[in-house]
>>> print(open('run-v5.cif').read())   # mmCIF, C-alpha atoms
data_model
#
loop_
_atom_site.group_PDB
_atom_site.id
_atom_site.type_symbol
_atom_site.label_atom_id
_atom_site.label_comp_id
_atom_site.auth_asym_id
_atom_site.auth_seq_id
_atom_site.Cartn_x
_atom_site.Cartn_y
_atom_site.Cartn_z
ATOM 1 C CA ASP A 1 -9.998 -45.265 29.127
ATOM 2 C CA GLN A 2 -8.580 -41.884 28.185
ATOM 3 C CA GLN A 3 -4.813 -42.287 28.012
ATOM 4 C CA VAL A 4 -4.168 -38.616 27.253
ATOM 5 C CA LYS A 5 -6.125 -36.069 29.243
ATOM 6 C CA GLN A 6 -6.505 -32.343 29.047
ATOM 7 C CA ASN A 7 -8.514 -31.418 32.096
ATOM 8 C CA SER A 8 -9.099 -27.779 31.218
ATOM 9 C CA PRO A 9 -11.612 -27.437 28.390
ATOM 10 C CA SER A 10 -10.964 -23.722 28.079
ATOM 11 C CA LEU A 11 -8.522 -20.998 29.049
ATOM 12 C CA SER A 12 -8.602 -17.218 28.661
ATOM 13 C CA VAL A 13 -5.440 -15.148 28.770
ATOM 14 C CA GLN A 14 -4.685 -11.486 28.244
ATOM 15 C CA GLU A 15 -2.601 -10.588 25.211
ATOM 16 C CA GLY A 16 1.091 -10.423 26.075
ATOM 17 C CA ARG A 17 0.788 -12.734 29.068
ATOM 18 C CA ILE A 18 1.786 -16.374 29.288
ATOM 19 C CA SER A 19 -0.595 -19.167 28.286
ATOM 20 C CA ILE A 20 -0.038 -22.520 29.970
ATOM 21 C CA LEU A 21 -1.844 -25.553 28.619
ATOM 22 C CA ASN A 22 -1.616 -28.805 30.528
ATOM 23 C CA CYS A 23 -1.794 -32.448 29.604
ATOM 24 C CA ASP A 24 -1.606 -35.667 31.637
ATOM 25 C CA TYR A 25 -1.035 -39.170 30.380
ATOM 26 C CA THR A 26 -1.131 -42.671 31.752
ATOM 27 C CA ASN A 27 0.871 -44.825 29.329
ATOM 28 C CA SER A 28 4.593 -45.077 30.033
ATOM 29 C CA MET A 29 5.182 -46.467 26.547
ATOM 30 C CA PHE A 30 4.646 -43.133 24.797
ATOM 31 C CA ASP A 31 7.914 -42.081 23.161
ATOM 32 C CA TYR A 32 6.976 -38.658 21.831
ATOM 33 C CA PHE A 33 4.513 -36.003 22.851
ATOM 34 C CA LEU A 34 3.182 -33.422 20.448
ATOM 35 C CA TRP A 35 1.061 -30.315 20.512
ATOM 36 C CA TYR A 36 -1.291 -29.398 17.710
ATOM 37 C CA LYS A 37 -3.357 -26.280 17.126
ATOM 38 C CA LYS A 38 -6.748 -26.548 15.511
ATOM 39 C CA TYR A 39 -9.241 -24.086 14.081
ATOM 40 C CA PRO A 40 -12.891 -25.062 13.531
ATOM 41 C CA ALA A 41 -13.554 -27.157 10.436
ATOM 42 C CA GLU A 42 -9.833 -27.545 9.747
ATOM 43 C CA GLY A 43 -7.278 -30.252 10.371
ATOM 44 C CA PRO A 44 -4.807 -29.843 13.257
ATOM 45 C CA THR A 45 -1.524 -28.047 12.631
ATOM 46 C CA PHE A 46 1.624 -29.360 14.253
ATOM 47 C CA LEU A 47 3.258 -26.945 16.705
ATOM 48 C CA ILE A 48 5.989 -28.598 18.704
ATOM 49 C CA SER A 49 7.032 -31.974 20.037
ATOM 50 C CA ILE A 50 9.219 -33.430 22.738
ATOM 51 C CA SER A 51 10.915 -36.765 23.082
ATOM 52 C CA SER A 52 10.170 -38.778 26.190
ATOM 53 C CA ILE A 53 13.869 -38.637 27.087
ATOM 54 C CA LYS A 54 13.911 -34.860 27.302
ATOM 55 C CA ASP A 55 12.313 -32.460 29.725
ATOM 56 C CA LYS A 56 12.132 -29.293 27.653
ATOM 57 C CA ASN A 57 11.916 -28.206 24.062
ATOM 58 C CA GLU A 58 11.650 -24.629 22.891
ATOM 59 C CA ASP A 59 10.672 -23.164 19.539
ATOM 60 C CA GLY A 60 10.187 -19.427 19.430
ATOM 61 C CA ARG A 61 7.252 -18.454 21.618
ATOM 62 C CA PHE A 62 6.380 -22.093 22.298
ATOM 63 C CA THR A 63 8.010 -24.226 24.974
ATOM 64 C CA VAL A 64 6.960 -27.695 25.988
ATOM 65 C CA PHE A 65 7.920 -29.133 29.375
ATOM 66 C CA LEU A 66 7.772 -32.819 30.233
ATOM 67 C CA ASN A 67 7.679 -34.229 33.754
ATOM 68 C CA LYS A 68 7.926 -37.980 33.330
ATOM 69 C CA SER A 69 7.618 -38.837 36.988
ATOM 70 C CA ALA A 70 4.320 -36.980 37.142
ATOM 71 C CA LYS A 71 3.293 -38.104 33.620
ATOM 72 C CA HIS A 72 2.548 -34.491 32.867
ATOM 73 C CA LEU A 73 3.432 -32.091 30.101
ATOM 74 C CA SER A 74 2.644 -28.486 29.467
ATOM 75 C CA LEU A 75 2.799 -26.038 26.600
ATOM 76 C CA HIS A 76 3.829 -22.472 27.381
ATOM 77 C CA ILE A 77 3.103 -19.703 24.928
ATOM 78 C CA VAL A 78 4.742 -16.406 25.671
ATOM 79 C CA PRO A 79 3.869 -13.740 24.839
ATOM 80 C CA SER A 80 0.332 -14.797 23.904
ATOM 81 C CA GLN A 81 -1.194 -13.187 20.834
ATOM 82 C CA PRO A 82 -4.829 -12.973 19.669
ATOM 83 C CA GLY A 83 -3.902 -15.155 16.690
ATOM 84 C CA ASP A 84 -3.067 -17.947 19.123
ATOM 85 C CA SER A 85 -6.760 -18.332 19.911
ATOM 86 C CA ALA A 86 -7.657 -21.883 18.870
ATOM 87 C CA VAL A 87 -8.152 -25.356 20.293
ATOM 88 C CA TYR A 88 -4.895 -26.996 21.373
ATOM 89 C CA PHE A 89 -4.573 -30.749 21.382
ATOM 90 C CA CYS A 90 -1.947 -32.696 23.228
ATOM 91 C CA ALA A 91 -1.009 -35.942 21.493
ATOM 92 C CA ALA A 92 1.180 -38.878 22.354
ATOM 93 C CA ARG A 93 2.919 -41.317 20.068
ATOM 94 C CA TRP A 94 3.477 -44.969 20.774
ATOM 95 C CA PHE A 95 4.477 -48.029 18.872
ATOM 96 C CA SER A 96 2.003 -50.883 18.632
ATOM 97 C CA GLY A 97 2.987 -52.749 15.492
ATOM 98 C CA THR A 98 3.103 -49.330 13.882
ATOM 99 C CA TYR A 99 3.294 -45.822 15.262
ATOM 100 C CA LYS A 100 -0.007 -44.415 16.502
ATOM 101 C CA TYR A 101 -0.997 -40.998 17.783
ATOM 102 C CA ILE A 102 -3.536 -40.582 20.555
ATOM 103 C CA PHE A 103 -5.086 -37.211 21.264
ATOM 104 C CA GLY A 104 -6.370 -35.477 24.342
ATOM 105 C CA THR A 105 -9.747 -33.765 24.425
ATOM 106 C CA GLY A 106 -8.357 -30.333 23.652
ATOM 107 C CA THR A 107 -8.223 -26.979 25.412
ATOM 108 C CA ARG A 108 -9.803 -23.930 23.840
ATOM 109 C CA LEU A 109 -7.487 -20.959 24.281
ATOM 110 C CA LYS A 110 -8.830 -17.466 23.942
ATOM 111 C CA VAL A 111 -6.316 -14.636 23.948
ATOM 112 C CA LEU A 112 -7.965 -11.354 24.782
ATOM 113 C CA ALA A 113 -6.742 -8.183 23.119
ATOM 114 C CA GLY B 1 5.694 -28.601 7.353
ATOM 115 C CA ALA B 2 4.619 -31.273 4.934
ATOM 116 C CA VAL B 3 1.354 -30.929 3.049
ATOM 117 C CA VAL B 4 -1.536 -33.340 3.282
ATOM 118 C CA SER B 5 -4.538 -32.661 1.085
ATOM 119 C CA GLN B 6 -7.950 -34.095 1.903
ATOM 120 C CA HIS B 7 -10.912 -34.017 -0.454
ATOM 121 C CA PRO B 8 -13.775 -33.210 -0.382
ATOM 122 C CA SER B 9 -13.948 -30.699 2.450
ATOM 123 C CA ARG B 10 -17.718 -31.068 2.692
ATOM 124 C CA VAL B 11 -20.109 -33.690 1.462
ATOM 125 C CA ILE B 12 -23.817 -34.245 1.923
ATOM 126 C CA CYS B 13 -25.198 -37.613 0.967
ATOM 127 C CA LYS B 14 -28.428 -39.530 1.243
ATOM 128 C CA SER B 15 -28.844 -42.285 3.761
ATOM 129 C CA GLY B 16 -27.858 -45.641 2.297
ATOM 130 C CA THR B 17 -25.327 -44.308 -0.189
ATOM 131 C CA SER B 18 -21.533 -44.590 0.008
ATOM 132 C CA VAL B 19 -19.061 -41.744 0.227
ATOM 133 C CA LYS B 20 -15.344 -41.785 -0.577
ATOM 134 C CA ILE B 21 -12.877 -39.398 1.040
ATOM 135 C CA GLU B 22 -9.379 -39.015 -0.377
ATOM 136 C CA CYS B 23 -6.198 -38.144 1.472
ATOM 137 C CA ARG B 24 -3.021 -37.292 -0.407
ATOM 138 C CA SER B 25 0.464 -36.473 0.781
ATOM 139 C CA LEU B 26 1.715 -33.858 -1.677
ATOM 140 C CA ASP B 27 5.411 -33.527 -0.926
ATOM 141 C CA PHE B 28 6.433 -36.639 0.931
ATOM 142 C CA GLN B 29 5.905 -40.370 0.897
ATOM 143 C CA ALA B 30 3.343 -41.345 3.476
ATOM 144 C CA THR B 31 4.359 -44.751 4.709
ATOM 145 C CA THR B 32 1.644 -44.573 7.351
ATOM 146 C CA MET B 33 -1.739 -42.895 7.176
ATOM 147 C CA PHE B 34 -4.291 -42.445 9.914
ATOM 148 C CA TRP B 35 -8.008 -41.771 9.850
ATOM 149 C CA TYR B 36 -9.682 -39.916 12.690
ATOM 150 C CA ARG B 37 -13.219 -38.936 13.478
ATOM 151 C CA GLN B 38 -14.156 -35.942 15.562
ATOM 152 C CA PHE B 39 -17.536 -35.352 17.168
ATOM 153 C CA PRO B 40 -18.496 -31.820 18.204
ATOM 154 C CA LYS B 41 -16.409 -30.535 21.106
ATOM 155 C CA GLN B 42 -14.660 -33.864 21.461
ATOM 156 C CA SER B 43 -11.234 -35.235 20.771
ATOM 157 C CA LEU B 44 -9.974 -36.820 17.607
ATOM 158 C CA MET B 45 -10.768 -40.512 17.823
ATOM 159 C CA LEU B 46 -8.410 -42.767 15.908
ATOM 160 C CA MET B 47 -10.390 -45.046 13.611
ATOM 161 C CA ALA B 48 -7.668 -46.919 11.781
ATOM 162 C CA THR B 49 -4.033 -46.955 10.787
ATOM 163 C CA SER B 50 -2.798 -48.081 7.407
ATOM 164 C CA ASN B 51 0.633 -48.773 6.047
ATOM 165 C CA GLU B 52 1.182 -48.612 2.305
ATOM 166 C CA GLY B 53 0.377 -51.897 0.660
ATOM 167 C CA SER B 54 -1.031 -53.465 3.818
ATOM 168 C CA LYS B 55 -4.502 -53.890 5.194
ATOM 169 C CA ALA B 56 -5.622 -51.228 7.611
ATOM 170 C CA THR B 57 -5.596 -51.874 11.332
ATOM 171 C CA TYR B 58 -8.873 -50.787 12.874
ATOM 172 C CA GLU B 59 -9.351 -49.574 16.415
ATOM 173 C CA GLN B 60 -11.725 -51.370 18.709
ATOM 174 C CA GLY B 61 -15.342 -50.545 17.986
ATOM 175 C CA VAL B 62 -14.762 -49.366 14.412
ATOM 176 C CA GLU B 63 -16.578 -51.467 11.816
ATOM 177 C CA LYS B 64 -14.127 -52.400 9.083
ATOM 178 C CA ASP B 65 -16.913 -53.326 6.667
ATOM 179 C CA LYS B 66 -18.504 -49.948 7.103
ATOM 180 C CA PHE B 67 -15.354 -47.840 6.926
ATOM 181 C CA LEU B 68 -13.277 -49.204 4.069
ATOM 182 C CA ILE B 69 -9.711 -47.948 3.972
ATOM 183 C CA ASN B 70 -7.385 -48.345 1.046
ATOM 184 C CA HIS B 71 -3.754 -47.244 1.090
ATOM 185 C CA ALA B 72 -2.692 -48.347 -2.350
ATOM 186 C CA SER B 73 0.217 -45.971 -2.870
ATOM 187 C CA LEU B 74 2.697 -43.937 -0.849
ATOM 188 C CA THR B 75 0.755 -40.756 -1.529
ATOM 189 C CA LEU B 76 -2.897 -41.764 -1.406
ATOM 190 C CA SER B 77 -5.285 -43.270 1.082
ATOM 191 C CA THR B 78 -9.059 -43.406 0.782
ATOM 192 C CA LEU B 79 -11.809 -43.859 3.335
ATOM 193 C CA THR B 80 -15.151 -45.078 2.032
ATOM 194 C CA VAL B 81 -18.136 -44.813 4.315
ATOM 195 C CA THR B 82 -20.475 -47.508 3.030
ATOM 196 C CA SER B 83 -24.254 -47.451 3.403
ATOM 197 C CA ALA B 84 -24.035 -44.199 5.301
ATOM 198 C CA HIS B 85 -26.552 -43.389 8.016
ATOM 199 C CA PRO B 86 -27.240 -40.112 9.823
ATOM 200 C CA GLU B 87 -25.209 -41.287 12.827
ATOM 201 C CA ASP B 88 -22.147 -41.417 10.544
ATOM 202 C CA SER B 89 -22.352 -37.647 10.164
ATOM 203 C CA SER B 90 -19.119 -36.302 11.577
ATOM 204 C CA PHE B 91 -15.837 -34.581 10.827
ATOM 205 C CA TYR B 92 -13.333 -37.029 9.367
ATOM 206 C CA ILE B 93 -9.635 -36.152 9.304
ATOM 207 C CA CYS B 94 -6.711 -37.991 7.792
ATOM 208 C CA SER B 95 -3.087 -37.655 8.724
ATOM 209 C CA ALA B 96 0.135 -39.038 7.356
ATOM 210 C CA ARG B 97 3.753 -39.503 8.285
ATOM 211 C CA ASP B 98 6.850 -40.786 6.571
ATOM 212 C CA ARG B 99 9.529 -42.991 8.078
ATOM 213 C CA VAL B 100 11.723 -40.147 9.225
ATOM 214 C CA VAL B 101 9.833 -37.388 11.012
ATOM 215 C CA THR B 102 8.258 -37.662 14.421
ATOM 216 C CA GLU B 103 5.071 -35.776 13.761
ATOM 217 C CA ALA B 104 2.070 -36.660 11.665
ATOM 218 C CA PHE B 105 0.634 -34.037 9.334
ATOM 219 C CA PHE B 106 -3.059 -33.546 8.941
ATOM 220 C CA GLY B 107 -5.418 -32.937 6.086
ATOM 221 C CA GLN B 108 -8.043 -30.229 6.204
ATOM 222 C CA GLY B 109 -10.805 -32.602 7.238
ATOM 223 C CA THR B 110 -14.110 -33.603 5.650
ATOM 224 C CA ARG B 111 -17.465 -32.653 7.080
ATOM 225 C CA LEU B 112 -19.849 -35.504 6.233
ATOM 226 C CA THR B 113 -23.568 -34.949 6.605
ATOM 227 C CA VAL B 114 -25.898 -37.859 5.948
ATOM 228 C CA VAL B 115 -29.519 -36.880 5.392
#
>>> encode(input="run-v5.cif", output="structure tokens")
Amino acid sequence: DQQVKQNSPSLSVQEGRISILNCDYTNSMFDYFLWYKKYPAEGPTFLISISSIKDKNEDGRFTVFLNKSAKHLSLHIVPSQPGDSAVYFCAARWFSGTYKYIFGTGTRLKVLA
Amino acid sequence: GAVVSQHPSRVICKSGTSVKIECRSLDFQATTMFWYRQFPKQSLMLMATSNEGSKATYEQGVEKDKFLINHASLTLSTLTVTSAHPEDSSFYICSARDRVVTEAFFGQGTRLTVV
């Protein structure tokens, strides 16, 4: 059972426009949500996180929105740049004896110049 | 962000041999380390979680005798794939966190190919 879902496997956006990546989850016990960026054959790089008690967190061009009632979060990148092209993973943290991180299936973002 | 170093980045081994992958936190104390496996075009699947000085906790379906995890110090965890078979070929990634920060930091990953 996939507890963290990214339903869009890919997304193409024009440079300078907004990129919106979506993520849905099922477990109400998650206390933090995180976004990671990943290039092929490399480990994920942390981008931004949000606590489950907040609804928005912003860091430069990256903003994450959390809608707890809908169990949905999104990552907005504006303006999008070609260097943002990568696979983006949504992850959720929960405590089960120790903290664990569960990842979605990823969305491949391509920013077109 | 914090630095996690994973070694080797690539390894090719013969079927039946064992392979050890190291994961080091370079500038923080990793109280918890995680091992993931990623198949092509799929998500990162959590294999096991280890706390320093304790036995690793394996996820359902992961063979603990096949994937030996040792977290002997606050800066080092190792994953040993024992008696490797071609189906063990995959991209293995470690991550680590300390007690304070929310996020986990990832190593560069290891591409294992068993021939």
>>> resolve_selection(input="run-v5.cif", expression="the PyMOL selection byres ((chain B) within 7 of (chain A))", output="tab-separated table (two decimals) with C-alpha atoms, keeping the file's coordinate frame")
chain	number	residue	atom	x	y	z
B	42	GLN	CA	-14.66	-33.86	21.46
B	43	SER	CA	-11.23	-35.24	20.77
B	44	LEU	CA	-9.97	-36.82	17.61
B	93	ILE	CA	-9.64	-36.15	9.30
B	105	PHE	CA	0.63	-34.04	9.33
B	106	PHE	CA	-3.06	-33.55	8.94
B	107	GLY	CA	-5.42	-32.94	6.09
B	108	GLN	CA	-8.04	-30.23	6.20
B	109	GLY	CA	-10.80	-32.60	7.24
>>> closest_residue(input="run-v5.cif", among="A:Ile18, A:Leu11, A:Val78, A:Ala70", to="A:Glu58", atoms="only C-alpha atoms")
A:Val78
>>> resolve_selection(input="run-v5.cif", expression="the PyMOL selection byres ((chain B and resi 48) around 9)", output="list in words")
Met33, Phe34, Trp35, Tyr36, Leu46, Met47, Thr49, Ser50, Ala56, Thr57, Tyr58, Glu59, Val62, Lys64 and Ile69 of chain B
>>> atom_distance(input="run-v5.cif", atom1="atom CA of B:Leu79", atom2="atom CA of B:Ser95")
12.0 Å
>>> residues_around(input="run-v5.cif", residues="B:Ser18", least_positions_apart="6", cutoff="12 Å", atoms="all atoms listed in the file", output="list in words")
Val11, Ile12, Asp65, Lys66, Phe67, Leu68, Leu79, Thr80, Val81, Thr82, Ser83, Ala84, His85, Asp88, Leu112, Thr113 and Val114 of chain B
>>> atom_distance(input="run-v5.cif", atom1="atom CA of A:Ile53", atom2="atom CA of A:Cys23")
17.0 Å
>>> atom_distance(input="run-v5.cif", atom1="atom CA of B:Thr78", atom2="atom CA of A:Tyr88")
26.7 Å
>>> resolve_selection(input="run-v5.cif", expression="the PyMOL selection byres ((chain B and resi 96-101) around 6)", output="list in words")
Gln29, Ala30, Thr31, Thr32, Met33, Ser95, Thr102, Glu103, Ala104 and Phe105 of chain B
>>> axis_aligned_box(input="run-v5.cif", around="stretch 6-25 of chain A", padding_each_side="5 Å", output="JSON")
{"center_x": -4.9, "center_y": -24.8, "center_z": 28.7, "size_x": 23.4, "size_y": 38.7, "size_z": 16.9}
>>> closest_residue(input="run-v5.cif", among="A:Phe95, A:Asn57, A:Ser52, A:Leu109", to="A:His72", atoms="only C-alpha atoms")
A:Ser52
>>> residues_around(input="run-v5.cif", residues="A:Leu66", least_positions_apart="4", cutoff="7 Å", atoms="all atoms listed in the file", output="PDB file with C-alpha atoms, in the frame of the given file")
ATOM      1  CA  ASP A  55      12.313 -32.460  29.725  1.00  0.00           C
ATOM      2  CA  LYS A  56      12.132 -29.293  27.653  1.00  0.00           C
ATOM      3  CA  HIS A  72       2.548 -34.491  32.867  1.00  0.00           C
ATOM      4  CA  LEU A  73       3.432 -32.091  30.101  1.00  0.00           C
ATOM      5  CA  SER A  74       2.644 -28.486  29.467  1.00  0.00           C
TER       6      SER A  74
END
>>> residues_near_point(input="run-v5.cif", point="(-5.7, -45.2, -1.3)", cutoff="10 Å", atoms="all atoms listed in the file", output="MDAnalysis selection string")
chainID B and resid 21:24 33 50 52:53 69:79
>>> residues_around(input="run-v5.cif", residues="B:Val115", least_positions_apart="3", cutoff="9 Å", atoms="only C-alpha atoms", output="list in words")
Ile12, Cys13, Lys14, Ser15, His85, Pro86 and Ser89 of chain B
